[in-house]
Amino acid sequence: AQKITQTQPGMFVQEKEAVTLDCTYDTSDPSYGLFWYKQPSSGEMIFLIYQGSYDQQNATEGRYSLNFQKARKSANLVISASQLGDSAMYFCAINSGTYKYIFGTGTRLKVLA
Amino acid sequence: SAVISQKPSRDICQRGTSLTIQCQVDSQVTMMFWYRQQPGQSLTLIATANQGSEATYESGFVIDKFPISRPNLTFSTLTVSNMSPEDSSIYLCSVEKGTSYNEQFFGPGTRLTVL
């Protein structure tokens, strides 16, 4: 069985600062993908970044980067230069090549002006 | 990516009634998914809808409560039947676009409140 753990229910960050959102996972599959989604108050789910289990380098996508530590089974999201519009819920998810995503419980990020 | 629309975007319904949620995609997709997100909770997969076959339901979800239709490769509906306040949730549809890592794209969601 797969599992995602997000231990930070809420986080605050000052505008223009960087913030790290934690995600640990558990899976017995050797091949898997890790995803981060952003959910603003409007409710839509916005794909941010992906990391494959065999990827040698950490994924980056604009201001988003993924700190992938395979041995520790962690896939933390780093948001650099935070903006007020980054205030949202952030979900980490895993799948193992099937359609089925397992989502974490989410972290609510609040960016302070 | 995929552009996905959902109707309605939100609704307030009375206990015991049913609501049908529509999901439209701008391109043909094999698999469509329906998720439920209860207030303050994470997303839970309700079922997978493939065109031309019965939907596959996850544990805890049954067809009588959440009937799904998938008449073609760009459209699906989810009905929430005989609603109770516990059905108050955001309902999201998503699709898989066949990228190498099975990325899913989500619709904007339907925010349902049952009184």
# chains A, B, ... in the order shown; residues from 1 in each chain; ligands from 1

$ closest_atom_pairs --of "stretch 55-80 of chain B" --to "stretch 47-51 of chain B" --cutoff "8 Å" --atoms "only C-alpha atoms" --output "Markdown table"
| residue | atom | partner | partner_atom | distance |
| --- | --- | --- | --- | --- |
| B:Ala55 | CA | B:Ala49 | CA | 4.6 |
| B:Thr56 | CA | B:Thr48 | CA | 5.2 |
| B:Tyr57 | CA | B:Ala47 | CA | 4.2 |
| B:Glu58 | CA | B:Ala47 | CA | 5.6 |
| B:Phe61 | CA | B:Ala47 | CA | 7.7 |
| B:Ile68 | CA | B:Ala49 | CA | 7.3 |
| B:Ser69 | CA | B:Ala49 | CA | 7.5 |
| B:Arg70 | CA | B:Gln51 | CA | 5.2 |
| B:Pro71 | CA | B:Gln51 | CA | 6.3 |
| B:Asn72 | CA | B:Gln51 | CA | 5.7 |
| B:Leu73 | CA | B:Gln51 | CA | 6.0 |
| B:Ser76 | CA | B:Ala49 | CA | 7.6 |

$ select_by_dssp --residues "chain A" --states "strand (DSSP E or B)" --output "PyMOL selection string"
chain A and resi 3-5+10-14+19-21+24-26+33-39+46-52+60-61+64-69+74-79+88-95+102-103+107-112

$ interface_residues --of "chain B" --to "chain A" --cutoff "10 Å" --atoms "only C-alpha atoms" --output "number ranges by chain"
B: 1, 9, 31-33, 37, 40-45, 47-48, 90-92, 94-96, 100-111

$ residues_around --residues "A:Ser65" --least-positions-apart "4" --cutoff "10 Å" --atoms "only C-alpha atoms" --output "ChimeraX atom specification"
/A:20,48-51,58-61,75-80

$ residues_around --residues "stretch 19-30 of chain B" --least-positions-apart "6" --cutoff "7 Å" --atoms "only C-alpha atoms" --output "list in words"
Ala2, Val3, Ile4, Ser5, Gln6, Lys7, Pro8, Asn50, Gln51, Leu73, Thr74, Phe75, Ser76, Thr77, Leu78, Thr79, Val80, Ser81, Cys93, Val95 and Lys97 of chain B

$ residues_around --residues "A:Ser87" --least-positions-apart "3" --cutoff "9 Å" --atoms "only C-alpha atoms" --output "mmCIF file with all heavy atoms, in the first residue's frame"
data_model
loop_
_atom_site.group_PDB
_atom_site.id
_atom_site.type_symbol
_atom_site.label_atom_id
_atom_site.label_comp_id
_atom_site.auth_asym_id
_atom_site.auth_seq_id
_atom_site.Cartn_x
_atom_site.Cartn_y
_atom_site.Cartn_z
ATOM 1 N N PRO A 40 -6.108 26.619 -4.591
ATOM 2 C CA PRO A 40 -6.549 27.915 -4.033
ATOM 3 C C PRO A 40 -7.939 27.780 -3.420
ATOM 4 O O PRO A 40 -8.585 26.735 -3.531
ATOM 5 C CB PRO A 40 -6.579 28.833 -5.269
ATOM 6 C CG PRO A 40 -5.916 28.072 -6.371
ATOM 7 C CD PRO A 40 -6.016 26.619 -6.041
ATOM 8 N N SER A 41 -8.401 28.843 -2.814
ATOM 9 C CA SER A 41 -9.716 28.814 -2.159
ATOM 10 C C SER A 41 -10.838 28.550 -3.159
ATOM 11 O O SER A 41 -11.928 28.113 -2.772
ATOM 12 C CB SER A 41 -9.960 30.129 -1.420
ATOM 13 O OG SER A 41 -9.860 31.217 -2.305
ATOM 14 N N SER A 82 8.373 33.845 -2.287
ATOM 15 C CA SER A 82 6.925 33.678 -2.108
ATOM 16 C C SER A 82 6.167 34.943 -2.490
ATOM 17 O O SER A 82 6.609 36.074 -2.232
ATOM 18 C CB SER A 82 6.621 33.322 -0.648
ATOM 19 O OG SER A 82 7.183 32.088 -0.314
ATOM 20 N N GLN A 83 4.995 34.711 -3.059
ATOM 21 C CA GLN A 83 4.109 35.795 -3.455
ATOM 22 C C GLN A 83 2.771 35.630 -2.729
ATOM 23 O O GLN A 83 2.410 34.519 -2.325
ATOM 24 C CB GLN A 83 3.882 35.770 -4.976
ATOM 25 C CG GLN A 83 5.151 35.865 -5.776
ATOM 26 C CD GLN A 83 4.929 35.637 -7.264
ATOM 27 O OE1 GLN A 83 3.814 35.324 -7.705
ATOM 28 N NE2 GLN A 83 5.986 35.804 -8.051
ATOM 29 N N LEU A 84 2.036 36.710 -2.615
ATOM 30 C CA LEU A 84 0.744 36.642 -1.931
ATOM 31 C C LEU A 84 -0.175 35.621 -2.593
ATOM 32 O O LEU A 84 -0.960 34.940 -1.930
ATOM 33 C CB LEU A 84 0.088 38.021 -1.905
ATOM 34 C CG LEU A 84 0.824 39.099 -1.115
ATOM 35 C CD1 LEU A 84 0.094 40.433 -1.219
ATOM 36 C CD2 LEU A 84 0.983 38.697 0.344
ATOM 37 N N ARG A 108 -1.693 24.041 4.516
ATOM 38 C CA ARG A 108 -2.238 25.352 4.165
ATOM 39 C C ARG A 108 -1.141 26.397 4.341
ATOM 40 O O ARG A 108 -0.623 26.592 5.437
ATOM 41 C CB ARG A 108 -3.432 25.707 5.044
ATOM 42 C CG ARG A 108 -4.072 27.043 4.658
ATOM 43 C CD ARG A 108 -5.355 27.315 5.433
ATOM 44 N NE ARG A 108 -6.379 26.307 5.182
ATOM 45 C CZ ARG A 108 -7.177 26.282 4.109
ATOM 46 N NH1 ARG A 108 -7.063 27.219 3.187
ATOM 47 N NH2 ARG A 108 -8.087 25.348 3.981
ATOM 48 N N LEU A 109 -0.773 27.037 3.252
ATOM 49 C CA LEU A 109 0.280 28.062 3.268
ATOM 50 C C LEU A 109 -0.351 29.441 3.239
ATOM 51 O O LEU A 109 -1.232 29.717 2.420
ATOM 52 C CB LEU A 109 1.204 27.894 2.062
ATOM 53 C CG LEU A 109 2.309 28.940 1.916
ATOM 54 C CD1 LEU A 109 3.313 28.818 3.057
ATOM 55 C CD2 LEU A 109 3.017 28.805 0.568
ATOM 56 N N LYS A 110 0.126 30.286 4.132
ATOM 57 C CA LYS A 110 -0.307 31.678 4.150
ATOM 58 C C LYS A 110 0.917 32.563 3.959
ATOM 59 O O LYS A 110 1.893 32.463 4.733
ATOM 60 C CB LYS A 110 -0.985 32.001 5.483
ATOM 61 C CG LYS A 110 -1.398 33.453 5.661
ATOM 62 C CD LYS A 110 -2.530 33.859 4.755
ATOM 63 C CE LYS A 110 -3.003 35.269 5.063
ATOM 64 N NZ LYS A 110 -4.060 35.714 4.119
ATOM 65 N N VAL A 111 0.899 33.387 2.933
ATOM 66 C CA VAL A 111 1.995 34.312 2.658
ATOM 67 C C VAL A 111 1.629 35.665 3.250
ATOM 68 O O VAL A 111 0.569 36.215 2.942
ATOM 69 C CB VAL A 111 2.267 34.420 1.154
ATOM 70 C CG1 VAL A 111 3.430 35.387 0.893
ATOM 71 C CG2 VAL A 111 2.571 33.053 0.562
ATOM 72 N N LEU A 112 2.510 36.195 4.064
ATOM 73 C CA LEU A 112 2.257 37.448 4.769
ATOM 74 C C LEU A 112 2.919 38.617 4.056
ATOM 75 O O LEU A 112 4.070 38.507 3.626
ATOM 76 C CB LEU A 112 2.789 37.358 6.194
ATOM 77 C CG LEU A 112 2.258 36.183 7.023
ATOM 78 C CD1 LEU A 112 2.988 36.092 8.352
ATOM 79 C CD2 LEU A 112 0.764 36.319 7.223
#
